[in-house]
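**Student:** This one is run-v3.cif, mmCIF, C-alpha atoms.
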data_structure
#
loop_
_atom_site.group_PDB
_atom_site.id
_atom_site.type_symbol
_atom_site.label_atom_id
_atom_site.label_comp_id
_atom_site.auth_asym_id
_atom_site.auth_seq_id
_atom_site.Cartn_x
_atom_site.Cartn_y
_atom_site.Cartn_z
ATOM 1 C CA MET A 72 -32.702 0.342 -15.848
ATOM 2 C CA TYR A 73 -31.437 3.813 -14.961
ATOM 3 C CA ASN A 74 -27.908 3.392 -13.580
ATOM 4 C CA PRO A 75 -25.465 6.316 -13.641
ATOM 5 C CA PHE A 76 -22.980 4.113 -11.745
ATOM 6 C CA SER A 77 -22.619 1.716 -14.679
ATOM 7 C CA ILE A 78 -19.177 1.052 -16.161
ATOM 8 C CA GLU A 79 -20.516 -1.425 -18.708
ATOM 9 C CA GLY A 80 -18.486 -1.439 -21.916
ATOM 10 C CA LYS A 81 -15.746 0.812 -20.525
ATOM 11 C CA THR A 82 -12.148 -0.231 -21.167
ATOM 12 C CA VAL A 83 -10.295 -0.039 -17.836
ATOM 13 C CA LEU A 84 -6.608 -0.578 -17.027
ATOM 14 C CA VAL A 85 -5.999 -2.041 -13.554
ATOM 15 C CA THR A 86 -2.434 -1.957 -12.208
ATOM 16 C CA GLY A 87 -1.312 -4.036 -9.246
ATOM 17 C CA ALA A 88 -3.874 -6.543 -10.468
ATOM 18 C CA SER A 89 -2.001 -9.640 -9.273
ATOM 19 C CA SER A 90 -3.118 -9.241 -5.647
ATOM 20 C CA GLY A 91 -4.988 -7.310 -2.979
ATOM 21 C CA ILE A 92 -7.069 -4.272 -3.834
ATOM 22 C CA GLY A 93 -5.996 -4.304 -7.505
ATOM 23 C CA ARG A 94 -7.170 -7.888 -7.984
ATOM 24 C CA CYS A 95 -10.493 -7.113 -6.323
ATOM 25 C CA VAL A 96 -11.032 -3.949 -8.404
ATOM 26 C CA ALA A 97 -10.453 -6.024 -11.544
ATOM 27 C CA VAL A 98 -12.934 -8.725 -10.502
ATOM 28 C CA GLU A 99 -15.619 -6.232 -9.416
ATOM 29 C CA CYS A 100 -15.214 -4.144 -12.597
ATOM 30 C CA SER A 101 -15.631 -7.273 -14.714
ATOM 31 C CA LYS A 102 -18.840 -8.116 -12.846
ATOM 32 C CA MET A 103 -20.047 -4.609 -13.772
ATOM 33 C CA GLY A 104 -19.427 -5.299 -17.475
ATOM 34 C CA ALA A 105 -16.140 -3.466 -18.019
ATOM 35 C CA LYS A 106 -13.452 -4.722 -20.397
ATOM 36 C CA LEU A 107 -10.256 -5.074 -18.377
ATOM 37 C CA VAL A 108 -6.586 -4.740 -19.177
ATOM 38 C CA LEU A 109 -4.636 -6.094 -16.208
ATOM 39 C CA THR A 110 -1.044 -5.420 -15.346
ATOM 40 C CA GLY A 111 1.196 -6.667 -12.559
ATOM 41 C CA ARG A 112 4.675 -8.051 -11.937
ATOM 42 C CA ASP A 113 3.868 -11.679 -11.177
ATOM 43 C CA GLU A 114 2.735 -13.541 -14.305
ATOM 44 C CA THR A 115 1.285 -16.531 -12.452
ATOM 45 C CA ARG A 116 -0.790 -14.449 -10.059
ATOM 46 C CA LEU A 117 -1.789 -12.033 -12.834
ATOM 47 C CA ASN A 118 -3.146 -14.957 -14.867
ATOM 48 C CA GLU A 119 -4.978 -16.145 -11.747
ATOM 49 C CA THR A 120 -6.724 -12.766 -11.623
ATOM 50 C CA LEU A 121 -7.463 -12.984 -15.357
ATOM 51 C CA SER A 122 -9.135 -16.364 -14.790
ATOM 52 C CA MET A 123 -11.297 -14.856 -12.020
ATOM 53 C CA LEU A 124 -12.841 -12.212 -14.315
ATOM 54 C CA GLU A 125 -16.380 -12.420 -15.631
ATOM 55 C CA GLY A 126 -17.103 -11.821 -19.303
ATOM 56 C CA PRO A 127 -14.948 -12.036 -22.454
ATOM 57 C CA ASN A 128 -12.155 -9.978 -24.034
ATOM 58 C CA HIS A 129 -10.028 -9.210 -20.974
ATOM 59 C CA THR A 130 -6.245 -9.119 -21.372
ATOM 60 C CA ALA A 131 -3.155 -9.107 -19.137
ATOM 61 C CA ILE A 132 0.261 -7.525 -19.653
ATOM 62 C CA VAL A 133 3.114 -8.466 -17.312
ATOM 63 C CA ALA A 134 5.057 -5.329 -16.363
ATOM 64 C CA ASP A 135 7.069 -3.838 -13.512
ATOM 65 C CA LEU A 136 5.934 -0.215 -13.246
ATOM 66 C CA ALA A 137 9.000 0.673 -11.166
ATOM 67 C CA ASP A 138 11.060 -0.077 -14.298
ATOM 68 C CA LYS A 139 10.782 2.698 -16.898
ATOM 69 C CA GLU A 140 11.365 0.435 -19.915
ATOM 70 C CA SER A 141 8.810 -2.080 -18.717
ATOM 71 C CA LEU A 142 6.277 0.692 -18.025
ATOM 72 C CA ASN A 143 6.749 2.260 -21.450
ATOM 73 C CA ALA A 144 6.467 -1.108 -23.220
ATOM 74 C CA MET A 145 3.231 -1.856 -21.316
ATOM 75 C CA VAL A 146 1.672 1.503 -22.213
ATOM 76 C CA SER A 147 2.555 1.010 -25.904
ATOM 77 C CA GLN A 148 0.469 -2.184 -25.951
ATOM 78 C CA LEU A 149 -2.635 -0.552 -24.424
ATOM 79 C CA PRO A 150 -5.856 0.229 -26.260
ATOM 80 C CA VAL A 151 -7.445 3.661 -25.721
ATOM 81 C CA LEU A 152 -8.826 3.652 -22.176
ATOM 82 C CA ASP A 153 -11.959 4.984 -20.498
ATOM 83 C CA GLY A 154 -10.534 4.459 -17.042
ATOM 84 C CA VAL A 155 -7.503 3.502 -14.972
ATOM 85 C CA SER A 156 -7.374 2.037 -11.477
ATOM 86 C CA HIS A 157 -3.789 2.353 -10.310
ATOM 87 C CA ASN A 158 -3.034 0.145 -7.305
ATOM 88 C CA ALA A 159 0.590 -0.975 -7.653
ATOM 89 C CA GLY A 160 2.099 -0.486 -4.227
ATOM 90 C CA ILE A 161 4.442 -1.823 -1.556
ATOM 91 C CA SER A 162 4.826 -1.094 2.146
ATOM 92 C CA LYS A 163 7.795 -0.950 4.493
ATOM 93 C CA ILE A 164 7.709 -0.527 8.257
ATOM 94 C CA ASN A 165 10.754 1.338 9.521
ATOM 95 C CA MET A 166 11.876 3.747 12.212
ATOM 96 C CA ILE A 167 13.382 7.047 11.047
ATOM 97 C CA LYS A 168 16.943 6.319 12.165
ATOM 98 C CA PHE A 169 17.041 3.017 10.287
ATOM 99 C CA ILE A 170 15.820 4.365 6.930
ATOM 100 C CA LYS A 171 18.105 3.309 4.077
ATOM 101 C CA GLU A 172 18.284 5.347 0.894
ATOM 102 C CA GLU A 173 17.699 2.263 -1.262
ATOM 103 C CA GLU A 174 14.489 1.474 0.669
ATOM 104 C CA LEU A 175 13.314 5.056 0.222
ATOM 105 C CA LEU A 176 13.985 4.858 -3.514
ATOM 106 C CA GLU A 177 12.284 1.474 -3.863
ATOM 107 C CA ILE A 178 9.055 2.550 -2.177
ATOM 108 C CA MET A 179 8.951 5.929 -3.924
ATOM 109 C CA GLN A 180 9.613 4.296 -7.297
ATOM 110 C CA THR A 181 6.923 1.658 -6.892
ATOM 111 C CA ASN A 182 4.254 3.781 -5.203
ATOM 112 C CA ALA A 183 4.802 7.395 -6.247
ATOM 113 C CA PHE A 184 7.071 7.665 -9.297
ATOM 114 C CA SER A 185 5.118 4.947 -11.119
ATOM 115 C CA THR A 186 1.931 6.987 -10.642
ATOM 116 C CA VAL A 187 3.498 10.076 -12.192
ATOM 117 C CA LEU A 188 5.245 8.224 -15.020
ATOM 118 C CA LEU A 189 2.230 6.051 -15.866
ATOM 119 C CA THR A 190 0.030 9.165 -16.108
ATOM 120 C CA LYS A 191 2.638 10.931 -18.223
ATOM 121 C CA GLN A 192 2.911 8.001 -20.632
ATOM 122 C CA LEU A 193 -0.865 7.571 -20.933
ATOM 123 C CA VAL A 194 -1.265 11.249 -21.802
ATOM 124 C CA ALA A 195 1.777 11.484 -24.086
ATOM 125 C CA LYS A 196 0.811 8.355 -26.039
ATOM 126 C CA LYS A 197 -2.839 9.483 -26.293
ATOM 127 C CA LYS A 198 -4.188 6.407 -24.537
ATOM 128 C CA LEU A 199 -6.943 8.266 -22.646
ATOM 129 C CA ASN A 200 -10.408 8.738 -24.090
ATOM 130 C CA LYS A 201 -12.271 12.021 -23.740
ATOM 131 C CA PRO A 202 -13.853 11.684 -21.225
ATOM 132 C CA SER A 203 -11.869 9.276 -19.049
ATOM 133 C CA SER A 204 -11.156 8.780 -15.367
ATOM 134 C CA LEU A 205 -7.943 7.987 -13.500
ATOM 135 C CA VAL A 206 -8.330 6.599 -9.980
ATOM 136 C CA PHE A 207 -5.215 6.235 -7.818
ATOM 137 C CA THR A 208 -5.258 4.053 -4.726
ATOM 138 C CA SER A 209 -3.629 6.312 -2.171
ATOM 139 C CA SER A 210 -4.126 5.852 1.584
ATOM 140 C CA VAL A 211 -5.315 7.574 4.737
ATOM 141 C CA SER A 212 -1.643 7.198 5.723
ATOM 142 C CA GLY A 213 0.270 10.337 4.808
ATOM 143 C CA ASN A 214 -2.945 12.203 4.003
ATOM 144 C CA ASP A 215 -5.363 11.896 6.910
ATOM 145 C CA CYS A 216 -3.280 10.202 9.608
ATOM 146 C CA VAL A 217 -0.172 8.102 10.117
ATOM 147 C CA ARG A 218 0.939 5.270 12.403
ATOM 148 C CA HIS A 219 4.347 4.537 13.921
ATOM 149 C CA GLY A 220 6.896 3.159 11.464
ATOM 150 C CA GLU A 221 4.991 4.252 8.356
ATOM 151 C CA SER A 222 7.136 7.224 7.337
ATOM 152 C CA LEU A 223 8.237 5.861 3.951
ATOM 153 C CA TYR A 224 4.786 4.564 3.049
ATOM 154 C CA ALA A 225 3.180 7.839 4.190
ATOM 155 C CA ALA A 226 5.654 9.882 2.136
ATOM 156 C CA SER A 227 4.871 7.837 -0.975
ATOM 157 C CA LYS A 228 1.105 7.996 -0.502
ATOM 158 C CA GLY A 229 1.178 11.731 0.257
ATOM 159 C CA SER A 230 3.061 12.141 -3.016
ATOM 160 C CA ILE A 231 0.362 10.267 -4.933
ATOM 161 C CA SER A 232 -2.390 12.467 -3.508
ATOM 162 C CA GLY A 233 -0.473 15.677 -4.170
ATOM 163 C CA PHE A 234 0.205 14.646 -7.759
ATOM 164 C CA ALA A 235 -3.439 13.635 -8.282
ATOM 165 C CA LYS A 236 -4.647 17.157 -7.508
ATOM 166 C CA ALA A 237 -2.151 18.735 -9.892
ATOM 167 C CA ALA A 238 -2.931 16.195 -12.617
ATOM 168 C CA ALA A 239 -6.676 16.803 -12.120
ATOM 169 C CA LEU A 240 -6.118 20.492 -12.790
ATOM 170 C CA ASP A 241 -3.784 20.044 -15.754
ATOM 171 C CA LEU A 242 -5.875 17.359 -17.464
ATOM 172 C CA ALA A 243 -9.380 18.764 -16.866
ATOM 173 C CA ALA A 244 -9.445 20.536 -20.236
ATOM 174 C CA GLN A 245 -8.735 17.183 -21.939
ATOM 175 C CA GLY A 246 -11.761 15.606 -20.262
ATOM 176 C CA VAL A 247 -9.604 13.488 -17.951
ATOM 177 C CA ARG A 248 -10.689 13.317 -14.317
ATOM 178 C CA VAL A 249 -8.147 12.334 -11.649
ATOM 179 C CA ASN A 250 -9.161 11.212 -8.167
ATOM 180 C CA CYS A 251 -7.847 9.141 -5.262
ATOM 181 C CA VAL A 252 -9.367 6.608 -2.954
ATOM 182 C CA ASN A 253 -7.813 6.693 0.522
ATOM 183 C CA PRO A 254 -8.332 3.308 2.175
ATOM 184 C CA GLY A 255 -7.793 2.742 5.871
ATOM 185 C CA MET A 256 -6.669 -0.687 6.982
ATOM 186 C CA VAL A 257 -7.831 -3.200 4.415
ATOM 187 C CA MET A 258 -7.383 -6.954 4.859
ATOM 188 C CA THR A 259 -4.870 -7.755 2.130
ATOM 189 C CA GLU A 260 -1.594 -9.686 2.139
ATOM 190 C CA LEU A 261 0.239 -6.334 2.175
ATOM 191 C CA PHE A 262 -1.602 -5.307 5.343
ATOM 192 C CA LYS A 263 -1.045 -8.689 6.995
ATOM 193 C CA SER A 264 2.701 -8.637 6.310
ATOM 194 C CA ALA A 265 3.045 -5.067 7.619
ATOM 195 C CA GLN A 266 0.939 -5.934 10.651
ATOM 196 C CA ASP A 267 2.993 -9.012 11.397
ATOM 197 C CA ALA A 268 6.056 -6.784 11.741
ATOM 198 C CA SER A 269 4.442 -4.613 14.399
ATOM 199 C CA MET A 270 3.426 -5.426 17.950
ATOM 200 C CA GLU A 271 -0.184 -4.350 17.662
ATOM 201 C CA ASP A 272 -2.866 -6.824 18.569
ATOM 202 C CA LEU A 273 -5.413 -7.104 15.758
ATOM 203 C CA GLY A 274 -8.322 -7.411 18.180
ATOM 204 C CA GLU A 275 -7.290 -4.215 19.965
ATOM 205 C CA LEU A 276 -6.683 -2.447 16.654
ATOM 206 C CA LYS A 277 -10.160 -3.314 15.427
ATOM 207 C CA LYS A 278 -11.644 -1.463 18.407
ATOM 208 C CA LEU A 279 -10.256 1.790 16.962
ATOM 209 C CA PHE A 280 -12.724 1.481 14.084
ATOM 210 C CA PRO A 281 -16.185 2.954 14.699
ATOM 211 C CA MET A 282 -17.548 0.352 12.264
ATOM 212 C CA LYS A 283 -15.794 -2.376 14.325
ATOM 213 C CA ARG A 284 -14.119 -4.118 11.418
ATOM 214 C CA PHE A 285 -11.192 -3.768 9.026
ATOM 215 C CA GLY A 286 -11.903 -2.968 5.400
ATOM 216 C CA ASN A 287 -12.453 -5.567 2.726
ATOM 217 C CA PRO A 288 -10.944 -5.036 -0.733
ATOM 218 C CA GLU A 289 -14.526 -4.820 -2.069
ATOM 219 C CA ASP A 290 -15.156 -1.725 0.081
ATOM 220 C CA VAL A 291 -12.389 0.035 -1.838
ATOM 221 C CA ALA A 292 -13.274 -1.447 -5.233
ATOM 222 C CA HIS A 293 -16.799 -0.037 -5.032
ATOM 223 C CA GLY A 294 -15.402 3.445 -4.376
ATOM 224 C CA VAL A 295 -13.134 3.033 -7.401
ATOM 225 C CA ILE A 296 -16.128 2.005 -9.533
ATOM 226 C CA TYR A 297 -18.023 5.148 -8.481
ATOM 227 C CA LEU A 298 -15.050 7.299 -9.544
ATOM 228 C CA LEU A 299 -14.749 5.432 -12.874
ATOM 229 C CA SER A 300 -18.460 5.858 -13.622
ATOM 230 C CA GLU A 301 -20.384 8.809 -15.046
ATOM 231 C CA ALA A 302 -21.989 9.242 -11.598
ATOM 232 C CA SER A 303 -18.812 11.110 -10.617
ATOM 233 C CA SER A 304 -18.520 13.126 -13.845
ATOM 234 C CA TRP A 305 -18.167 16.435 -11.919
ATOM 235 C CA VAL A 306 -15.710 15.000 -9.375
ATOM 236 C CA THR A 307 -12.009 15.629 -9.985
ATOM 237 C CA GLY A 308 -9.039 16.237 -7.688
ATOM 238 C CA ALA A 309 -10.968 14.595 -4.853
ATOM 239 C CA GLU A 310 -9.933 12.082 -2.219
ATOM 240 C CA LEU A 311 -12.522 9.517 -1.206
ATOM 241 C CA LYS A 312 -11.706 8.295 2.293
ATOM 242 C CA ILE A 313 -12.777 4.656 2.791
ATOM 243 C CA ASP A 314 -11.770 3.816 6.340
ATOM 244 C CA GLY A 315 -14.765 2.686 8.393
ATOM 245 C CA GLY A 316 -14.557 5.968 10.313
ATOM 246 C CA TYR A 317 -11.001 5.260 11.580
ATOM 247 C CA THR A 318 -9.772 8.839 11.126
ATOM 248 C CA LEU A 319 -12.781 10.334 12.926
ATOM 249 C CA MET A 320 -11.316 9.319 16.274
ATOM 250 C CA MET B 1432 27.033 -9.212 15.984
ATOM 251 C CA THR B 1433 28.139 -10.465 19.423
ATOM 252 C CA LEU B 1434 25.751 -10.810 22.358
ATOM 253 C CA ASP B 1435 27.357 -7.791 24.046
ATOM 254 C CA GLU B 1436 26.895 -5.683 20.912
ATOM 255 C CA PHE B 1437 23.303 -6.863 20.654
ATOM 256 C CA VAL B 1438 22.604 -5.838 24.261
ATOM 257 C CA GLN B 1439 24.151 -2.425 23.483
ATOM 258 C CA ASN B 1440 22.045 -2.015 20.318
ATOM 259 C CA PHE B 1441 18.950 -3.201 22.170
ATOM 260 C CA ALA B 1442 19.534 -0.618 24.908
ATOM 261 C CA GLU B 1443 19.994 2.173 22.368
ATOM 262 C CA GLN B 1444 16.377 1.798 21.264
ATOM 263 C CA PHE B 1445 15.267 3.059 24.675
ATOM 264 C CA ASP B 1446 15.332 6.770 25.507
ATOM 265 C CA ASP B 1447 14.569 6.829 29.237
ATOM 266 C CA THR B 1448 15.851 3.507 30.578
ATOM 267 C CA PRO B 1449 19.475 3.652 31.870
ATOM 268 C CA MET B 1450 22.080 1.360 30.287
ATOM 269 C CA SER B 1451 22.609 -0.311 33.674
ATOM 270 C CA LYS B 1452 19.183 -1.957 33.311
ATOM 271 C CA PHE B 1453 20.325 -3.927 30.262
ATOM 272 C CA ASN B 1454 22.224 -7.211 30.351
ATOM 273 C CA PRO B 1455 21.772 -10.600 28.656
ATOM 274 C CA SER B 1456 19.310 -11.772 31.323
ATOM 275 C CA THR B 1457 17.116 -8.661 31.274
ATOM 276 C CA ASP B 1458 13.430 -9.593 30.998
ATOM 277 C CA TYR B 1459 12.730 -6.809 28.504
ATOM 278 C CA LYS B 1460 8.941 -6.934 28.596
ATOM 279 C CA GLN B 1461 9.109 -5.981 32.296
ATOM 280 C CA LEU B 1462 10.858 -2.681 31.501
ATOM 281 C CA GLU B 1463 8.641 0.325 32.147
ATOM 282 C CA GLU B 1464 9.483 1.768 28.731
ATOM 283 C CA TRP B 1465 8.595 -1.444 26.861
ATOM 284 C CA GLY B 1466 5.677 -1.005 24.478
ATOM 285 C CA SER B 1467 4.649 -1.083 20.836
ATOM 286 C CA LEU B 1468 7.013 1.746 19.868
ATOM 287 C CA THR B 1469 10.123 0.229 21.496
ATOM 288 C CA ALA B 1470 9.136 -3.168 20.056
ATOM 289 C CA LEU B 1471 8.923 -1.639 16.590
ATOM 290 C CA SER B 1472 12.368 -0.096 17.143
ATOM 291 C CA ILE B 1473 13.825 -3.505 18.048
ATOM 292 C CA ILE B 1474 12.217 -5.129 14.969
ATOM 293 C CA THR B 1475 13.634 -2.460 12.658
ATOM 294 C CA MET B 1476 17.039 -2.480 14.404
ATOM 295 C CA VAL B 1477 17.295 -6.252 13.828
ATOM 296 C CA ASP B 1478 16.291 -5.725 10.187
ATOM 297 C CA ALA B 1479 18.791 -2.883 9.601
ATOM 298 C CA GLU B 1480 21.766 -4.085 11.661
ATOM 299 C CA MET B 1481 21.465 -7.875 11.407
ATOM 300 C CA GLU B 1482 19.482 -8.237 8.172
ATOM 301 C CA LYS B 1483 17.083 -10.643 9.864
ATOM 302 C CA ARG B 1484 13.280 -10.379 9.990
ATOM 303 C CA ILE B 1485 11.497 -10.856 13.284
ATOM 304 C CA THR B 1486 7.886 -10.184 14.205
ATOM 305 C CA GLY B 1487 5.930 -8.902 17.171
ATOM 306 C CA SER B 1488 4.987 -12.511 17.948
ATOM 307 C CA ASN B 1489 8.680 -13.469 18.188
ATOM 308 C CA LEU B 1490 9.256 -10.648 20.676
ATOM 309 C CA LYS B 1491 6.299 -11.808 22.738
ATOM 310 C CA ALA B 1492 7.571 -15.403 22.740
ATOM 311 C CA CYS B 1493 11.063 -14.585 24.078
ATOM 312 C CA THR B 1494 11.762 -13.434 27.630
ATOM 313 C CA THR B 1495 15.379 -12.298 27.997
ATOM 314 C CA ILE B 1496 17.591 -10.325 25.627
ATOM 315 C CA GLU B 1497 19.914 -13.345 25.336
ATOM 316 C CA GLU B 1498 17.011 -15.618 24.425
ATOM 317 C CA LEU B 1499 15.992 -13.166 21.694
ATOM 318 C CA TYR B 1500 19.615 -12.954 20.484
ATOM 319 C CA ASN B 1501 19.856 -16.749 20.249
ATOM 320 C CA PHE B 1502 16.529 -16.905 18.431
ATOM 321 C CA ILE B 1503 17.743 -14.342 15.855
ATOM 322 C CA GLN B 1504 21.100 -16.085 15.418
ATOM 323 C CA ALA B 1505 19.272 -19.322 14.605
ATOM 324 C CA LEU B 1506 17.241 -17.689 11.819
#
Let me see whether you can do it: turn the structure in this file into structure tokens.
**Tutor:**
Amino acid sequence: MYNPFSIEGKTVLVTGASSGIGRCVAVECSKMGAKLVLTGRDETRLNETLSMLEGPNHTAIVADLADKESLNAMVSQLPVLDGVSHNAGISKINMIKFIKEEELLEIMQTNAFSTVLLTKQLVAKKKLNKPSSLVFTSSVSGNDCVRHGESLYAASKGSISGFAKAAALDLAAQGVRVNCVNPGMVMTELFKSAQDASMEDLGELKKLFPMKRFGNPEDVAHGVIYLLSEASSWVTGAELKIDGGYTLM
Amino acid sequence: MTLDEFVQNFAEQFDDTPMSKFNPSTDYKQLEEWGSLTALSIITMVDAEMEKRITGSNLKACTTIEELYNFIQAL
């Protein structure tokens, strides 16, 4: 059957695979016939994800991408890749006057610096096929809109999107495409913990969405699959907003 | 942090409400300036200054500043 959206047989690295969007991307990619290499910090939860995958020959490497040594060791173990879905990320709700430098460093290291350093290592160690596709999970926050208390998260996600454009330009000649997905509010543990810290009523918040629901991880995973597939072979440096119309209003 | 210091810190999260409105028995949700932004400021103040985590639900459940202080102290 004609299917330009197929990722069958592609070798794909998924970071942040122990939970949330990363876990869902891994599961959906396996259902589409990709061969997955998973990475995440939590060995137990990473193995849980591994057990959820369909098909044979998937592997998992425990690594903390905020730690340079751990990141480099993980990249050294990788096969040559056709695609990367980079999801490792944390959130922190804070007001400007209470920002602590260590919190700023932690969120920038995990969300933004890891994106830059992972890309650098993949290129330097020749782990990317020609062609290949890198897909970073950014956010509408910091790129299309922002909510109260999100300054650190927005700064880190804006950094990811800025870097993606520059990487798309620099790596185009090597056949490497670089794109972002920008999810709105997606029902993950990260979202629930951030939401719990704020005063907003979920029912009221849902009314702000033209589609009248929050996102599911699958909504994002399917966007990632499009950007990993040959269907997007002329798409690079783009941001795919997946937000149920939230930023239209 | 003493109760008096907590009341002072609580009051500092408000821009337009005079200090005279704040005391241990203030019913903070009745303040005109109370809302999601001031609530978020209180949550992050408690995190930064007291190293305790509270949620929006905790703020809804308490009535006076002293009640909130006692709740946080018990965490």
**Student:** With the file shown as input, list the residues that the PyMOL selection byres ((chain B and resi 1470) around 12) selects, as a ChimeraX atom specification.
**Tutor:** /A:165-166,219-220,268-271 /B:1441-1442,1444-1445,1459-1460,1462,1464-1469,1471-1477,1485-1491
**Student:** Print the selection's residues with C-alpha atoms to a file, as a short mmCIF file (atom, residue, chain, number, x, y, z; two decimals), in the coordinates of the input.
**Tutor:**
data_model
loop_
_atom_site.label_atom_id
_atom_site.label_comp_id
_atom_site.auth_asym_id
_atom_site.auth_seq_id
_atom_site.Cartn_x
_atom_site.Cartn_y
_atom_site.Cartn_z
CA ASN A 165 10.75 1.34 9.52
CA MET A 166 11.88 3.75 12.21
CA HIS A 219 4.35 4.54 13.92
CA GLY A 220 6.90 3.16 11.46
CA ALA A 268 6.06 -6.78 11.74
CA SER A 269 4.44 -4.61 14.40
CA MET A 270 3.43 -5.43 17.95
CA GLU A 271 -0.18 -4.35 17.66
CA PHE B 1441 18.95 -3.20 22.17
CA ALA B 1442 19.53 -0.62 24.91
CA GLN B 1444 16.38 1.80 21.26
CA PHE B 1445 15.27 3.06 24.68
CA TYR B 1459 12.73 -6.81 28.50
CA LYS B 1460 8.94 -6.93 28.60
CA LEU B 1462 10.86 -2.68 31.50
CA GLU B 1464 9.48 1.77 28.73
CA TRP B 1465 8.60 -1.44 26.86
CA GLY B 1466 5.68 -1.00 24.48
CA SER B 1467 4.65 -1.08 20.84
CA LEU B 1468 7.01 1.75 19.87
CA THR B 1469 10.12 0.23 21.50
CA LEU B 1471 8.92 -1.64 16.59
CA SER B 1472 12.37 -0.10 17.14
CA ILE B 1473 13.82 -3.50 18.05
CA ILE B 1474 12.22 -5.13 14.97
CA THR B 1475 13.63 -2.46 12.66
CA MET B 1476 17.04 -2.48 14.40
CA VAL B 1477 17.30 -6.25 13.83
CA ILE B 1485 11.50 -10.86 13.28
CA THR B 1486 7.89 -10.18 14.20
CA GLY B 1487 5.93 -8.90 17.17
CA SER B 1488 4.99 -12.51 17.95
CA ASN B 1489 8.68 -13.47 18.19
CA LEU B 1490 9.26 -10.65 20.68
CA LYS B 1491 6.30 -11.81 22.74
#
**Student:** What is the atom CA of Lys312 of chain A to atom CA of Val252 of chain A distance in Å?
**Tutor:**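 Computed distance, atom CA of Lys312 of chain A to atom CA of Val252 of chain A, equals 6.0 Å.
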**Student:** Could you please determine the separation between atom CA of Asn214 of chain A and atom CA of Ala309 of chain A in Å, to one decimal place?
**Tutor:**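 Going from atom CA of Asn214 of chain A over to atom CA of Ala309 of chain A covers 12.2 Å.
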**Student:** Name the residues captured by the PyMOL selection byres ((chain B and resi 1433) around 12) when it is applied to the shown file; answer as an NGL selection string.
**Tutor:** :B and (1432 or 1434-1440 or 1455 or 1480-1481 or 1497 or 1500-1501 or 1503-1504)
**Student:** Produce a file of the selected residues containing C-alpha atoms, as a compact mmCIF listing (two decimals), in the coordinates of the input.
**Tutor:**
# COMPACT_ATOMS: atom_id res chain seq x y z
CA MET B 1432 27.03 -9.21 15.98
CA LEU B 1434 25.75 -10.81 22.36
CA ASP B 1435 27.36 -7.79 24.05
CA GLU B 1436 26.90 -5.68 20.91
CA PHE B 1437 23.30 -6.86 20.65
CA VAL B 1438 22.60 -5.84 24.26
CA GLN B 1439 24.15 -2.42 23.48
CA ASN B 1440 22.04 -2.02 20.32
CA PRO B 1455 21.77 -10.60 28.66
CA GLU B 1480 21.77 -4.08 11.66
CA MET B 1481 21.46 -7.88 11.41
CA GLU B 1497 19.91 -13.34 25.34
CA TYR B 1500 19.61 -12.95 20.48
CA ASN B 1501 19.86 -16.75 20.25
CA ILE B 1503 17.74 -14.34 15.86
CA GLN B 1504 21.10 -16.08 15.42
**Student:** Here's the selection I'm unsure about, the PyMOL selection byres ((chain A and resi 304) around 10); applied to the file above, which residues does it give, as a PyMOL selection string?
**Tutor:** chain A and resi 75+202-204+246-248+297-303+305-307
**Student:** Pull C-alpha atoms from the residues just selected and write them as a short mmCIF file (atom, residue, chain, number, x, y, z; two decimals), in the coordinates of the input.
**Tutor:**
data_model
loop_
_atom_site.label_atom_id
_atom_site.label_comp_id
_atom_site.auth_asym_id
_atom_site.auth_seq_id
_atom_site.Cartn_x
_atom_site.Cartn_y
_atom_site.Cartn_z
CA PRO A 75 -25.46 6.32 -13.64
CA PRO A 202 -13.85 11.68 -21.22
CA SER A 203 -11.87 9.28 -19.05
CA SER A 204 -11.16 8.78 -15.37
CA GLY A 246 -11.76 15.61 -20.26
CA VAL A 247 -9.60 13.49 -17.95
CA ARG A 248 -10.69 13.32 -14.32
CA TYR A 297 -18.02 5.15 -8.48
CA LEU A 298 -15.05 7.30 -9.54
CA LEU A 299 -14.75 5.43 -12.87
CA SER A 300 -18.46 5.86 -13.62
CA GLU A 301 -20.38 8.81 -15.05
CA ALA A 302 -21.99 9.24 -11.60
CA SER A 303 -18.81 11.11 -10.62
CA TRP A 305 -18.17 16.43 -11.92
CA VAL A 306 -15.71 15.00 -9.38
CA THR A 307 -12.01 15.63 -9.98
#
**Student:** Report the distance between atom CA of Val249 of chain A and atom CA of Phe285 of chain A in Å, rounded to one decimal place.
**Tutor:**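 Spanning atom CA of Val249 of chain A to atom CA of Phe285 of chain A is a straight-line distance of 26.4 Å.
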